[in-house]
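Trainee: Below you'll find data.cif; it's mmCIF, C-alpha atoms.
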```
data_target
#
loop_
_atom_site.label_atom_id
_atom_site.label_comp_id
_atom_site.auth_asym_id
_atom_site.auth_seq_id
_atom_site.Cartn_x
_atom_site.Cartn_y
_atom_site.Cartn_z
CA MET A 38 0.00 0.00 0.00
CA ASN A 39 1.22 3.47 -0.77
CA ALA A 40 1.47 6.06 1.98
CA HIS A 41 -0.77 9.10 1.78
CA ASP A 42 -1.87 12.06 3.85
CA ASP A 43 -4.52 10.45 6.06
CA THR A 44 -6.25 13.79 6.56
CA ALA A 45 -7.27 13.80 2.88
CA PRO A 46 -10.68 12.32 2.00
CA ALA A 47 -10.45 8.87 0.45
CA ALA A 48 -12.20 7.93 -2.76
CA ALA A 49 -13.26 4.46 -1.59
CA GLU A 50 -16.78 3.19 -1.02
CA LEU A 51 -17.15 3.05 2.77
CA LYS A 52 -20.57 4.47 3.61
CA VAL A 53 -21.12 3.17 7.15
CA ILE A 54 -18.44 2.78 9.82
CA GLY A 55 -18.95 1.16 13.22
CA LEU A 56 -16.80 2.62 15.99
CA GLY A 57 -17.84 0.45 18.92
CA TYR A 58 -15.31 -1.88 20.53
CA GLY A 59 -15.47 -5.61 19.96
CA ARG A 60 -18.12 -7.42 22.06
CA THR A 61 -20.63 -4.58 21.79
CA GLY A 62 -22.68 -6.31 19.11
CA THR A 63 -20.29 -5.66 16.24
CA ASP A 64 -20.75 -9.04 14.56
CA SER A 65 -24.52 -8.58 14.63
CA LEU A 66 -24.06 -5.07 13.24
CA LYS A 67 -21.96 -6.46 10.40
CA GLU A 68 -24.69 -8.94 9.50
CA ALA A 69 -27.34 -6.21 9.73
CA LEU A 70 -25.38 -3.87 7.47
CA ILE A 71 -25.02 -6.58 4.85
CA GLU A 72 -28.77 -7.25 5.05
CA LEU A 73 -29.46 -3.53 4.60
CA GLY A 74 -27.38 -3.42 1.42
CA PHE A 75 -24.08 -2.14 2.82
CA GLY A 76 -21.99 -5.22 2.14
CA PRO A 77 -19.30 -6.33 1.94
CA SER A 78 -18.68 -5.29 5.54
CA TYR A 79 -15.21 -5.16 7.10
CA HIS A 80 -14.68 -6.84 10.49
CA MET A 81 -11.94 -8.57 12.48
CA LYS A 82 -13.19 -11.85 11.04
CA GLU A 83 -12.23 -10.58 7.60
CA LEU A 84 -8.61 -10.32 8.71
CA LEU A 85 -8.59 -13.96 9.77
CA PHE A 86 -10.93 -15.73 7.39
CA ASP A 87 -11.19 -13.68 4.16
CA GLU A 88 -14.95 -14.20 4.42
CA GLN A 89 -15.90 -11.65 1.75
CA ALA A 90 -12.63 -10.65 0.08
CA SER A 91 -8.89 -11.12 0.43
CA THR A 92 -7.31 -9.18 3.29
CA GLU A 93 -3.79 -10.51 2.83
CA GLY A 94 -1.34 -8.07 4.42
CA HIS A 95 -4.00 -6.03 6.22
CA ILE A 96 -2.93 -7.04 9.74
CA SER A 97 0.54 -5.58 9.23
CA LEU A 98 -1.00 -2.40 7.80
CA TRP A 99 -3.22 -1.90 10.86
CA GLU A 100 -0.22 -2.47 13.11
CA ALA A 101 1.80 0.06 11.13
CA ALA A 102 -1.06 2.57 11.38
CA ALA A 103 -1.29 2.06 15.14
CA ASN A 104 2.45 2.72 15.41
CA GLY A 105 2.07 6.03 13.59
CA GLY A 106 2.53 4.97 9.98
CA ARG A 107 0.35 6.22 7.17
CA VAL A 108 -1.89 3.82 5.33
CA ASP A 109 -3.75 4.21 2.06
CA TRP A 110 -7.21 3.60 3.50
CA ALA A 111 -8.89 3.86 0.11
CA ALA A 112 -6.69 1.08 -1.29
CA MET A 113 -6.87 -1.18 1.76
CA LEU A 114 -10.63 -0.89 2.23
CA SER A 115 -11.55 -0.75 -1.44
CA GLY A 116 -14.64 -2.80 -2.23
CA TYR A 117 -16.15 -2.57 1.24
CA GLN A 118 -19.27 -0.46 1.79
CA SER A 119 -19.16 -0.68 5.56
CA GLY A 120 -17.02 -1.86 8.45
CA CYS A 121 -16.95 -2.22 12.22
CA ASP A 122 -15.21 -3.96 15.16
CA PHE A 123 -11.51 -3.95 16.03
CA PRO A 124 -9.18 -2.75 14.68
CA MET A 125 -11.20 -0.21 12.66
CA ALA A 126 -13.07 1.05 15.72
CA ALA A 127 -9.81 2.25 17.30
CA PHE A 128 -9.17 4.68 14.41
CA PRO A 129 -12.07 7.16 14.60
CA ASP A 130 -10.01 10.23 13.62
CA GLU A 131 -8.55 8.50 10.61
CA MET A 132 -11.92 7.09 9.50
CA LEU A 133 -13.64 10.47 9.80
CA ALA A 134 -10.84 12.20 7.89
CA ALA A 135 -10.77 9.59 5.14
CA TYR A 136 -14.57 9.21 4.88
CA PRO A 137 -16.05 12.57 5.92
CA ASN A 138 -19.45 11.82 4.39
CA ALA A 139 -19.90 8.40 5.99
CA LYS A 140 -22.47 7.53 8.62
CA PHE A 141 -21.05 6.26 11.92
CA VAL A 142 -22.55 3.76 14.36
CA LEU A 143 -21.33 3.52 17.95
CA THR A 144 -22.42 0.19 19.41
CA VAL A 145 -22.53 0.45 23.20
CA ARG A 146 -23.24 -1.57 26.31
CA PRO A 147 -22.52 -1.04 30.03
CA ALA A 148 -18.80 -1.19 30.77
CA GLU A 149 -19.20 -3.95 33.36
CA LYS A 150 -21.05 -6.16 30.87
CA TRP A 151 -18.47 -5.43 28.19
CA TRP A 152 -15.68 -6.46 30.56
CA SER A 153 -17.46 -9.69 31.49
CA SER A 154 -18.06 -10.45 27.83
CA ILE A 155 -14.46 -10.06 26.69
CA GLN A 156 -13.28 -12.23 29.58
CA THR A 157 -15.25 -15.20 28.26
CA SER A 158 -14.59 -14.58 24.57
CA ILE A 159 -11.94 -12.51 22.81
CA CYS A 160 -9.54 -12.47 25.77
CA TRP A 161 -9.28 -16.21 25.24
CA MET A 162 -7.73 -15.48 21.85
CA ASP A 163 -4.49 -14.14 23.35
CA ILE A 164 -1.85 -16.50 21.98
CA LYS A 165 0.56 -15.74 24.82
CA GLN A 166 -1.92 -17.13 27.33
CA THR A 167 -3.66 -19.90 25.38
CA TRP A 168 -1.83 -23.16 24.74
CA GLN A 169 -4.37 -24.18 22.11
CA LEU A 170 -3.52 -21.21 19.92
CA GLN A 171 0.20 -21.68 20.49
CA VAL A 172 -0.29 -25.07 18.82
CA LEU A 173 -2.74 -24.04 16.12
CA THR A 174 -0.86 -20.96 14.93
CA LYS A 175 1.83 -23.27 13.59
CA LEU A 176 -0.63 -24.52 10.97
CA PRO A 177 -0.02 -23.00 7.51
CA PHE A 178 -3.61 -22.11 6.60
CA LEU A 179 -6.35 -19.64 7.56
CA PRO A 180 -7.27 -18.51 10.12
CA PHE A 181 -4.35 -19.91 12.11
CA SER A 182 -1.61 -18.61 9.84
CA ARG A 183 -2.72 -15.05 10.63
CA MET A 184 -3.44 -15.36 14.34
CA LYS A 185 0.22 -15.04 15.29
CA ALA A 186 0.34 -11.59 13.67
CA GLN A 187 -3.04 -10.61 15.09
CA MET A 188 -1.88 -10.21 18.68
CA PRO A 189 1.09 -7.86 18.01
CA MET A 190 -1.32 -5.78 15.94
CA MET A 191 -3.84 -5.63 18.78
CA ASP A 192 -1.05 -4.84 21.26
CA ALA A 193 -0.08 -1.84 19.12
CA VAL A 194 -3.72 -0.76 18.82
CA ILE A 195 -4.21 -0.87 22.59
CA LYS A 196 -0.92 0.86 23.40
CA HIS A 197 -1.11 3.69 20.88
CA LYS A 198 -4.78 4.09 19.98
CA ALA A 199 -6.78 3.10 23.05
CA GLY A 200 -5.25 2.17 26.37
CA GLY A 201 -2.06 4.19 26.64
CA ASP A 202 -3.73 6.90 28.70
CA HIS A 203 -5.07 4.24 31.05
CA GLY A 204 -1.82 2.36 31.69
CA LEU A 205 -2.63 -0.42 29.24
CA ALA A 206 0.14 -1.33 26.81
CA SER A 207 -1.14 -4.55 25.26
CA TRP A 208 -4.19 -6.73 24.70
CA ASN A 209 -2.99 -8.95 27.54
CA ASP A 210 -2.98 -5.89 29.84
CA THR A 211 -6.57 -5.19 28.83
CA CYS A 212 -7.64 -8.72 29.70
CA ASN A 213 -5.72 -8.93 32.98
CA PRO A 214 -8.28 -9.04 35.83
CA SER A 215 -6.10 -6.71 37.91
CA ASN A 216 -6.62 -4.06 35.20
CA LYS A 217 -10.40 -4.35 35.10
CA GLN A 218 -11.09 -0.75 36.12
CA ALA A 219 -8.48 0.62 33.71
CA ALA A 220 -9.97 -1.41 30.86
CA MET A 221 -13.48 -0.19 31.66
CA ASP A 222 -12.19 3.38 31.87
CA MET A 223 -10.63 2.95 28.43
CA PHE A 224 -13.92 1.64 27.08
CA GLU A 225 -15.99 4.48 28.49
CA ALA A 226 -13.45 7.13 27.44
CA HIS A 227 -13.55 5.81 23.89
CA ASN A 228 -17.34 6.01 23.73
CA ALA A 229 -17.34 9.53 25.18
CA ARG A 230 -14.74 10.69 22.65
CA ILE A 231 -16.68 9.27 19.72
CA LYS A 232 -19.76 11.22 20.79
CA LYS A 233 -17.71 14.42 20.78
CA LEU A 234 -15.75 13.69 17.61
CA ILE A 235 -18.47 12.63 15.17
CA PRO A 236 -21.05 15.27 14.11
CA PRO A 237 -24.44 14.40 15.67
CA SER A 238 -26.13 14.18 12.26
CA GLN A 239 -23.68 11.43 11.24
CA LEU A 240 -23.71 9.38 14.45
CA LEU A 241 -26.08 6.71 15.74
CA VAL A 242 -25.52 5.42 19.27
CA PHE A 243 -26.78 1.87 19.06
CA GLY A 244 -27.43 -0.23 22.17
CA ALA A 245 -26.24 -3.82 21.97
CA GLY A 246 -29.20 -6.15 22.35
CA LYS A 247 -31.66 -3.27 22.59
CA SER A 248 -31.68 -1.40 19.29
CA SER A 249 -33.42 -2.70 16.19
CA TYR A 250 -33.42 -2.79 12.42
CA ALA A 251 -35.95 0.06 12.36
CA GLU A 252 -33.59 2.41 14.20
CA LEU A 253 -30.59 1.46 12.07
CA ALA A 254 -32.47 1.47 8.77
CA THR A 255 -34.05 4.86 9.48
CA PHE A 256 -30.65 6.33 10.29
CA LEU A 257 -29.20 4.95 7.05
CA GLY A 258 -32.22 5.92 4.93
CA VAL A 259 -33.08 2.41 3.73
CA PRO A 260 -36.19 0.19 4.10
CA THR A 261 -36.59 -1.77 7.35
CA PRO A 262 -36.40 -5.57 6.90
CA SER A 263 -39.27 -7.66 8.21
CA LYS A 264 -36.93 -10.24 9.73
CA PRO A 265 -35.58 -9.93 13.32
CA TYR A 266 -32.35 -8.08 13.95
CA PRO A 267 -29.42 -10.58 13.95
CA ARG A 268 -27.95 -11.82 17.22
CA SER A 269 -24.64 -13.40 16.25
CA ASN A 270 -21.36 -14.28 17.97
CA SER A 271 -23.08 -14.78 21.32
CA LYS A 272 -21.35 -16.09 24.43
CA ALA A 273 -22.70 -19.58 23.71
CA GLU A 274 -21.49 -19.45 20.11
CA PHE A 275 -18.05 -18.30 21.23
CA ALA A 276 -17.94 -21.19 23.71
CA GLU A 277 -18.56 -23.57 20.82
CA ILE A 278 -15.69 -21.96 18.92
CA THR A 279 -13.26 -22.28 21.83
CA ASN A 280 -14.30 -25.91 22.38
CA GLY A 281 -13.72 -26.60 18.71
CA LEU A 282 -10.29 -24.97 18.81
CA THR A 283 -9.36 -27.03 21.85
CA CYS A 284 -10.36 -30.24 20.06
CA ALA A 285 -8.39 -29.19 17.01
CA ALA A 286 -5.30 -28.41 19.10
CA VAL A 287 -5.52 -31.76 20.86
CA ALA A 288 -5.81 -33.48 17.49
CA VAL A 289 -2.76 -31.62 16.14
CA VAL A 290 -0.70 -32.80 19.13
CA VAL A 291 -2.06 -36.32 19.56
CA LEU A 292 -2.46 -37.57 15.99
CA PRO A 293 1.24 -37.28 15.06
CA LEU A 294 2.13 -39.08 18.30
CA LEU A 295 -0.32 -41.87 17.53
CA MET A 296 1.12 -42.11 14.04
CA LEU A 297 4.65 -42.40 15.45
CA VAL A 298 3.53 -45.12 17.85
CA TRP A 299 1.81 -46.99 15.03
CA ILE A 300 4.87 -46.72 12.77
CA SER A 301 7.16 -47.81 15.61
CA ARG A 302 5.05 -50.84 16.44
CA ARG A 303 4.62 -51.75 12.79
CA GLY A 304 8.35 -51.46 12.25
CA GLY A 305 8.98 -53.69 15.25
CA GLY A 306 6.54 -56.25 13.90
CA VAL A 307 8.27 -56.33 10.54
CA LYS A 308 11.67 -56.91 12.16
CA LYS A 309 10.30 -59.81 14.23
CA ALA A 310 8.77 -61.36 11.12
CA LYS A 311 12.09 -61.17 9.29
CA GLY A 312 13.88 -62.61 12.28
CA ALA A 313 11.52 -65.55 12.37
#
```
Would you write out, as structure tokens, the structure that this file holds?
Mentor:
Amino acid sequence: MNAHDDTAPAAAELKVIGLGYGRTGTDSLKEALIELGFGPSYHMKELLFDEQASTEGHISLWEAAANGGRVDWAAMLSGYQSGCDFPMAAFPDEMLAAYPNAKFVLTVRPAEKWWSSIQTSICWMDIKQTWQLQVLTKLPFLPFSRMKAQMPMMDAVIKHKAGGDHGLASWNDTCNPSNKQAAMDMFEAHNARIKKLIPPSQLLVFGAGKSSYAELATFLGVPTPSKPYPRSNSKAEFAEITNGLTCAAVAVVVLPLLMLVWISRRGGGVKKAKGA
């Protein structure tokens, strides 16, 4: 990507940008935006899974941006009509400068509930603390091949774009139970700053689990779907994901060992047969 002056408006297609932190209903918002006609929609999952388009190299670009580098937002986000979740949510100034005519959605929830939610979900994804991911990130395919780079990127985002003023220098710091109050202060300070930064006519404060399609669709000037608002990436769904990752990690460790045992025993049997 070529560097550019990130105060200059970008010529890309982003029309709706979510600025709420992860675990405030961002995955549901992504699904809702796609349903409302604002897809593809950028999200942390895109960085790991390439669900809607290739994001090869994006993790290093977000890390560079967090460390003060300039990124060609128009080139990186080309093809997307909307986006939300980390890491995008931690770059409100850059998003507003690059997309001054966009609509912005701040997904919110009480800080205590946000803290409890990350503890049982995305905090589990810290490779430094999770043996399962230490195993799985050695696999040469998505999403595991990108998870190792994901954490340094999030560390840079927390240190330079979110938690530095609250004594938080990494994602692990954010998830550390001894830093609970600092993490909640960071969360609330972010939400307060967004409300001051974004012009009121361009901002919708959207309550996780409370707001609806009607509110979002009215704000965006599109018809309201008849179907219920999506409720995705719930605590139960995340538990299924972590259980699946644990099973996969166990398989990665155990299957090669079983194969070695089988080969060893088979080799021993062949030698005995020849000896006989």
Trainee: Have a look at A:Met113, A:Val142, A:Ile155, A:Leu98 and name the one nearest to Pro237 of chain A; count only C-alpha atoms.
Mentor: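 Answer, going by the shortest atom-to-atom distance: A:Val142.
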Trainee: Using the chain letters and numbers from the file, which residues does the PyMOL selection byres ((chain A and resi 249-266) around 8) grab, as an MDAnalysis selection string?
Mentor: chainID A and resid 65 69 73 140 241 243 247:248 267:268
Trainee: Give as a PyMOL selection string every residue, naming chains and numbers as the document does, that has an atom within 10 Å of (0.4, -0.2, 20.9), counting only C-alpha atoms.
Mentor: chain A and resi 100-101+103-105+189-201+205-208
Trainee: Point out the residue among A:Ala148, A:Leu114, A:Cys121, A:Met81 with the least atom-to-atom distance to Met223 of chain A, counting all atoms listed in the file.
Mentor: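 Smallest distance to Met223 of chain A is found for A:Ala148.
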Trainee: For Arg146 of chain A, which residue out of A:Gly55, A:Gly62, A:Pro129, A:Gly204 is the nearest one, using all atoms listed in the file?
Mentor: A:Gly62
Trainee: Taking all atoms of segment 166-173 of chain A that the file lists and extending 4 Å past them on each side, where is the centre of the axis-aligned box and how long are its edges? Answer in Å to one decimal, as AutoDock Vina command-line options.
Mentor:
```
--center_x -2.1 --center_y -21.1 --center_z 21.7 --size_x 12.6 --size_y 15.9 --size_z 19.2
```
Trainee: Quick one: residues within 12 Å of Leu234 of chain A, only C-alpha atoms, excluding same-chain residues fewer than 4 positions away - as a PDB file with C-alpha atoms, in the coordinates of the input?
Mentor:
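As written to disk, out.pdb reads:
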```
ATOM      1  CA  LEU A  56     -16.800   2.620  15.990  1.00  0.00           C
ATOM      2  CA  PHE A 128      -9.170   4.680  14.410  1.00  0.00           C
ATOM      3  CA  PRO A 129     -12.070   7.160  14.600  1.00  0.00           C
ATOM      4  CA  ASP A 130     -10.010  10.230  13.620  1.00  0.00           C
ATOM      5  CA  GLU A 131      -8.550   8.500  10.610  1.00  0.00           C
ATOM      6  CA  MET A 132     -11.920   7.090   9.500  1.00  0.00           C
ATOM      7  CA  LEU A 133     -13.640  10.470   9.800  1.00  0.00           C
ATOM      8  CA  ALA A 134     -10.840  12.200   7.890  1.00  0.00           C
ATOM      9  CA  PRO A 137     -16.050  12.570   5.920  1.00  0.00           C
ATOM     10  CA  PHE A 141     -21.050   6.260  11.920  1.00  0.00           C
ATOM     11  CA  LEU A 143     -21.330   3.520  17.950  1.00  0.00           C
ATOM     12  CA  HIS A 227     -13.550   5.810  23.890  1.00  0.00           C
ATOM     13  CA  ASN A 228     -17.340   6.010  23.730  1.00  0.00           C
ATOM     14  CA  ALA A 229     -17.340   9.530  25.180  1.00  0.00           C
ATOM     15  CA  ARG A 230     -14.740  10.690  22.650  1.00  0.00           C
ATOM     16  CA  SER A 238     -26.130  14.180  12.260  1.00  0.00           C
ATOM     17  CA  GLN A 239     -23.680  11.430  11.240  1.00  0.00           C
ATOM     18  CA  LEU A 240     -23.710   9.380  14.450  1.00  0.00           C
TER      19      LEU A 240
END
```
Trainee: Quick one: contact table of segment 117-222 of chain A to segment 85-95 of chain A, 10 Å max, nearest atom pair and distance in Å to one decimal per residue, counting all atoms listed in the file, chain and number order, as CSV?
Mentor:
```
residue,atom,partner,partner_atom,distance
A:Tyr117,CA,A:Ala90,CA,8.9
A:Phe178,CA,A:Phe86,CA,9.7
A:Leu179,CA,A:Phe86,CA,6.0
A:Pro180,CA,A:Leu85,CA,4.8
A:Phe181,CA,A:Leu85,CA,7.7
A:Ser182,CA,A:Leu85,CA,8.4
A:Arg183,CA,A:Leu85,CA,6.0
A:Met184,CA,A:Leu85,CA,7.0
A:Gln187,CA,A:Leu85,CA,8.4
```
Trainee: If you measure from atom CA of Asp64 of chain A to atom CA of Ser269 of chain A, what distance in Å do you get, rounded to one decimal?
Mentor: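 These atoms are spaced 6.1 Å apart.
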Trainee: Which residue gives the smallest distance to Trp99 of chain A among A:Met188, A:Gly74, A:Ile159, A:Asp210, with all atoms listed in the file counted?
Mentor: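 Ranked by minimum distance to Trp99 of chain A, first place goes to A:Met188.
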Trainee: Compare A:Ala186, A:Gly120, A:Ala219, A:Cys160 by their minimum atom-to-atom distance to Ala139 of chain A, counting only C-alpha atoms, and give me the closest one.
Mentor: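 For Ala139 of chain A, the nearest of the given residues is A:Gly120.
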Trainee: Any idea what the distance is between atom CA of Cys212 of chain A and atom CA of Trp110 of chain A?
Mentor: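 Answer for the atom CA of Cys212 of chain A to atom CA of Trp110 of chain A separation: 29.0 Å.
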Trainee: Record the distance separating atom CA of Leu84 of chain A and atom CA of Gly106 of chain A, expressed in Å with one decimal.
Mentor: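 Atom CA of Gly106 of chain A lies at a distance of 19.0 Å from atom CA of Leu84 of chain A.
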Trainee: From the set A:Ala102, A:Ala111, A:Ile54, A:Leu170, which residue has the shortest atom-to-atom contact distance to Asn138 of chain A, counting only C-alpha atoms?
Mentor: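 Among the listed residues, A:Ile54 lies closest to Asn138 of chain A.
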Trainee: From the block you just saw, export segment 147-224 of chain A: C-alpha atoms, as a PDB file, in the first residue's frame.
Mentor:
```
ATOM      1  CA  PRO A 147     -22.524  -1.038  30.031  1.00  0.00           C
ATOM      2  CA  ALA A 148     -18.798  -1.190  30.765  1.00  0.00           C
ATOM      3  CA  GLU A 149     -19.202  -3.946  33.356  1.00  0.00           C
ATOM      4  CA  LYS A 150     -21.054  -6.157  30.875  1.00  0.00           C
ATOM      5  CA  TRP A 151     -18.472  -5.427  28.189  1.00  0.00           C
ATOM      6  CA  TRP A 152     -15.683  -6.460  30.561  1.00  0.00           C
ATOM      7  CA  SER A 153     -17.455  -9.690  31.491  1.00  0.00           C
ATOM      8  CA  SER A 154     -18.059 -10.451  27.825  1.00  0.00           C
ATOM      9  CA  ILE A 155     -14.456 -10.059  26.694  1.00  0.00           C
ATOM     10  CA  GLN A 156     -13.282 -12.227  29.581  1.00  0.00           C
ATOM     11  CA  THR A 157     -15.249 -15.201  28.258  1.00  0.00           C
ATOM     12  CA  SER A 158     -14.589 -14.580  24.574  1.00  0.00           C
ATOM     13  CA  ILE A 159     -11.942 -12.509  22.805  1.00  0.00           C
ATOM     14  CA  CYS A 160      -9.544 -12.466  25.769  1.00  0.00           C
ATOM     15  CA  TRP A 161      -9.282 -16.214  25.239  1.00  0.00           C
ATOM     16  CA  MET A 162      -7.732 -15.476  21.848  1.00  0.00           C
ATOM     17  CA  ASP A 163      -4.492 -14.141  23.352  1.00  0.00           C
ATOM     18  CA  ILE A 164      -1.848 -16.498  21.979  1.00  0.00           C
ATOM     19  CA  LYS A 165       0.564 -15.736  24.820  1.00  0.00           C
ATOM     20  CA  GLN A 166      -1.922 -17.128  27.334  1.00  0.00           C
ATOM     21  CA  THR A 167      -3.656 -19.896  25.378  1.00  0.00           C
ATOM     22  CA  TRP A 168      -1.830 -23.161  24.739  1.00  0.00           C
ATOM     23  CA  GLN A 169      -4.370 -24.184  22.114  1.00  0.00           C
ATOM     24  CA  LEU A 170      -3.516 -21.213  19.915  1.00  0.00           C
ATOM     25  CA  GLN A 171       0.202 -21.677  20.486  1.00  0.00           C
ATOM     26  CA  VAL A 172      -0.285 -25.067  18.820  1.00  0.00           C
ATOM     27  CA  LEU A 173      -2.742 -24.043  16.116  1.00  0.00           C
ATOM     28  CA  THR A 174      -0.858 -20.956  14.931  1.00  0.00           C
ATOM     29  CA  LYS A 175       1.833 -23.270  13.587  1.00  0.00           C
ATOM     30  CA  LEU A 176      -0.628 -24.516  10.968  1.00  0.00           C
ATOM     31  CA  PRO A 177      -0.017 -23.004   7.509  1.00  0.00           C
ATOM     32  CA  PHE A 178      -3.612 -22.110   6.603  1.00  0.00           C
ATOM     33  CA  LEU A 179      -6.354 -19.637   7.562  1.00  0.00           C
ATOM     34  CA  PRO A 180      -7.270 -18.510  10.117  1.00  0.00           C
ATOM     35  CA  PHE A 181      -4.348 -19.914  12.109  1.00  0.00           C
ATOM     36  CA  SER A 182      -1.606 -18.613   9.836  1.00  0.00           C
ATOM     37  CA  ARG A 183      -2.721 -15.054  10.626  1.00  0.00           C
ATOM     38  CA  MET A 184      -3.439 -15.357  14.342  1.00  0.00           C
ATOM     39  CA  LYS A 185       0.219 -15.043  15.293  1.00  0.00           C
ATOM     40  CA  ALA A 186       0.337 -11.591  13.668  1.00  0.00           C
ATOM     41  CA  GLN A 187      -3.044 -10.615  15.086  1.00  0.00           C
ATOM     42  CA  MET A 188      -1.877 -10.214  18.681  1.00  0.00           C
ATOM     43  CA  PRO A 189       1.090  -7.857  18.012  1.00  0.00           C
ATOM     44  CA  MET A 190      -1.318  -5.776  15.942  1.00  0.00           C
ATOM     45  CA  MET A 191      -3.838  -5.627  18.783  1.00  0.00           C
ATOM     46  CA  ASP A 192      -1.051  -4.839  21.258  1.00  0.00           C
ATOM     47  CA  ALA A 193      -0.078  -1.839  19.122  1.00  0.00           C
ATOM     48  CA  VAL A 194      -3.716  -0.758  18.823  1.00  0.00           C
ATOM     49  CA  ILE A 195      -4.213  -0.873  22.593  1.00  0.00           C
ATOM     50  CA  LYS A 196      -0.924   0.862  23.397  1.00  0.00           C
ATOM     51  CA  HIS A 197      -1.108   3.686  20.884  1.00  0.00           C
ATOM     52  CA  LYS A 198      -4.782   4.087  19.981  1.00  0.00           C
ATOM     53  CA  ALA A 199      -6.784   3.096  23.050  1.00  0.00           C
ATOM     54  CA  GLY A 200      -5.251   2.169  26.368  1.00  0.00           C
ATOM     55  CA  GLY A 201      -2.060   4.187  26.636  1.00  0.00           C
ATOM     56  CA  ASP A 202      -3.727   6.903  28.696  1.00  0.00           C
ATOM     57  CA  HIS A 203      -5.066   4.242  31.052  1.00  0.00           C
ATOM     58  CA  GLY A 204      -1.824   2.362  31.692  1.00  0.00           C
ATOM     59  CA  LEU A 205      -2.629  -0.424  29.241  1.00  0.00           C
ATOM     60  CA  ALA A 206       0.144  -1.330  26.813  1.00  0.00           C
ATOM     61  CA  SER A 207      -1.136  -4.549  25.256  1.00  0.00           C
ATOM     62  CA  TRP A 208      -4.191  -6.727  24.704  1.00  0.00           C
ATOM     63  CA  ASN A 209      -2.991  -8.948  27.539  1.00  0.00           C
ATOM     64  CA  ASP A 210      -2.978  -5.894  29.836  1.00  0.00           C
ATOM     65  CA  THR A 211      -6.571  -5.190  28.827  1.00  0.00           C
ATOM     66  CA  CYS A 212      -7.645  -8.719  29.699  1.00  0.00           C
ATOM     67  CA  ASN A 213      -5.718  -8.932  32.978  1.00  0.00           C
ATOM     68  CA  PRO A 214      -8.277  -9.044  35.827  1.00  0.00           C
ATOM     69  CA  SER A 215      -6.100  -6.706  37.908  1.00  0.00           C
ATOM     70  CA  ASN A 216      -6.617  -4.065  35.198  1.00  0.00           C
ATOM     71  CA  LYS A 217     -10.403  -4.353  35.105  1.00  0.00           C
ATOM     72  CA  GLN A 218     -11.088  -0.752  36.118  1.00  0.00           C
ATOM     73  CA  ALA A 219      -8.483   0.623  33.709  1.00  0.00           C
ATOM     74  CA  ALA A 220      -9.972  -1.405  30.860  1.00  0.00           C
ATOM     75  CA  MET A 221     -13.483  -0.190  31.658  1.00  0.00           C
ATOM     76  CA  ASP A 222     -12.191   3.382  31.875  1.00  0.00           C
ATOM     77  CA  MET A 223     -10.633   2.950  28.434  1.00  0.00           C
ATOM     78  CA  PHE A 224     -13.922   1.635  27.080  1.00  0.00           C
TER      79      PHE A 224
END
```
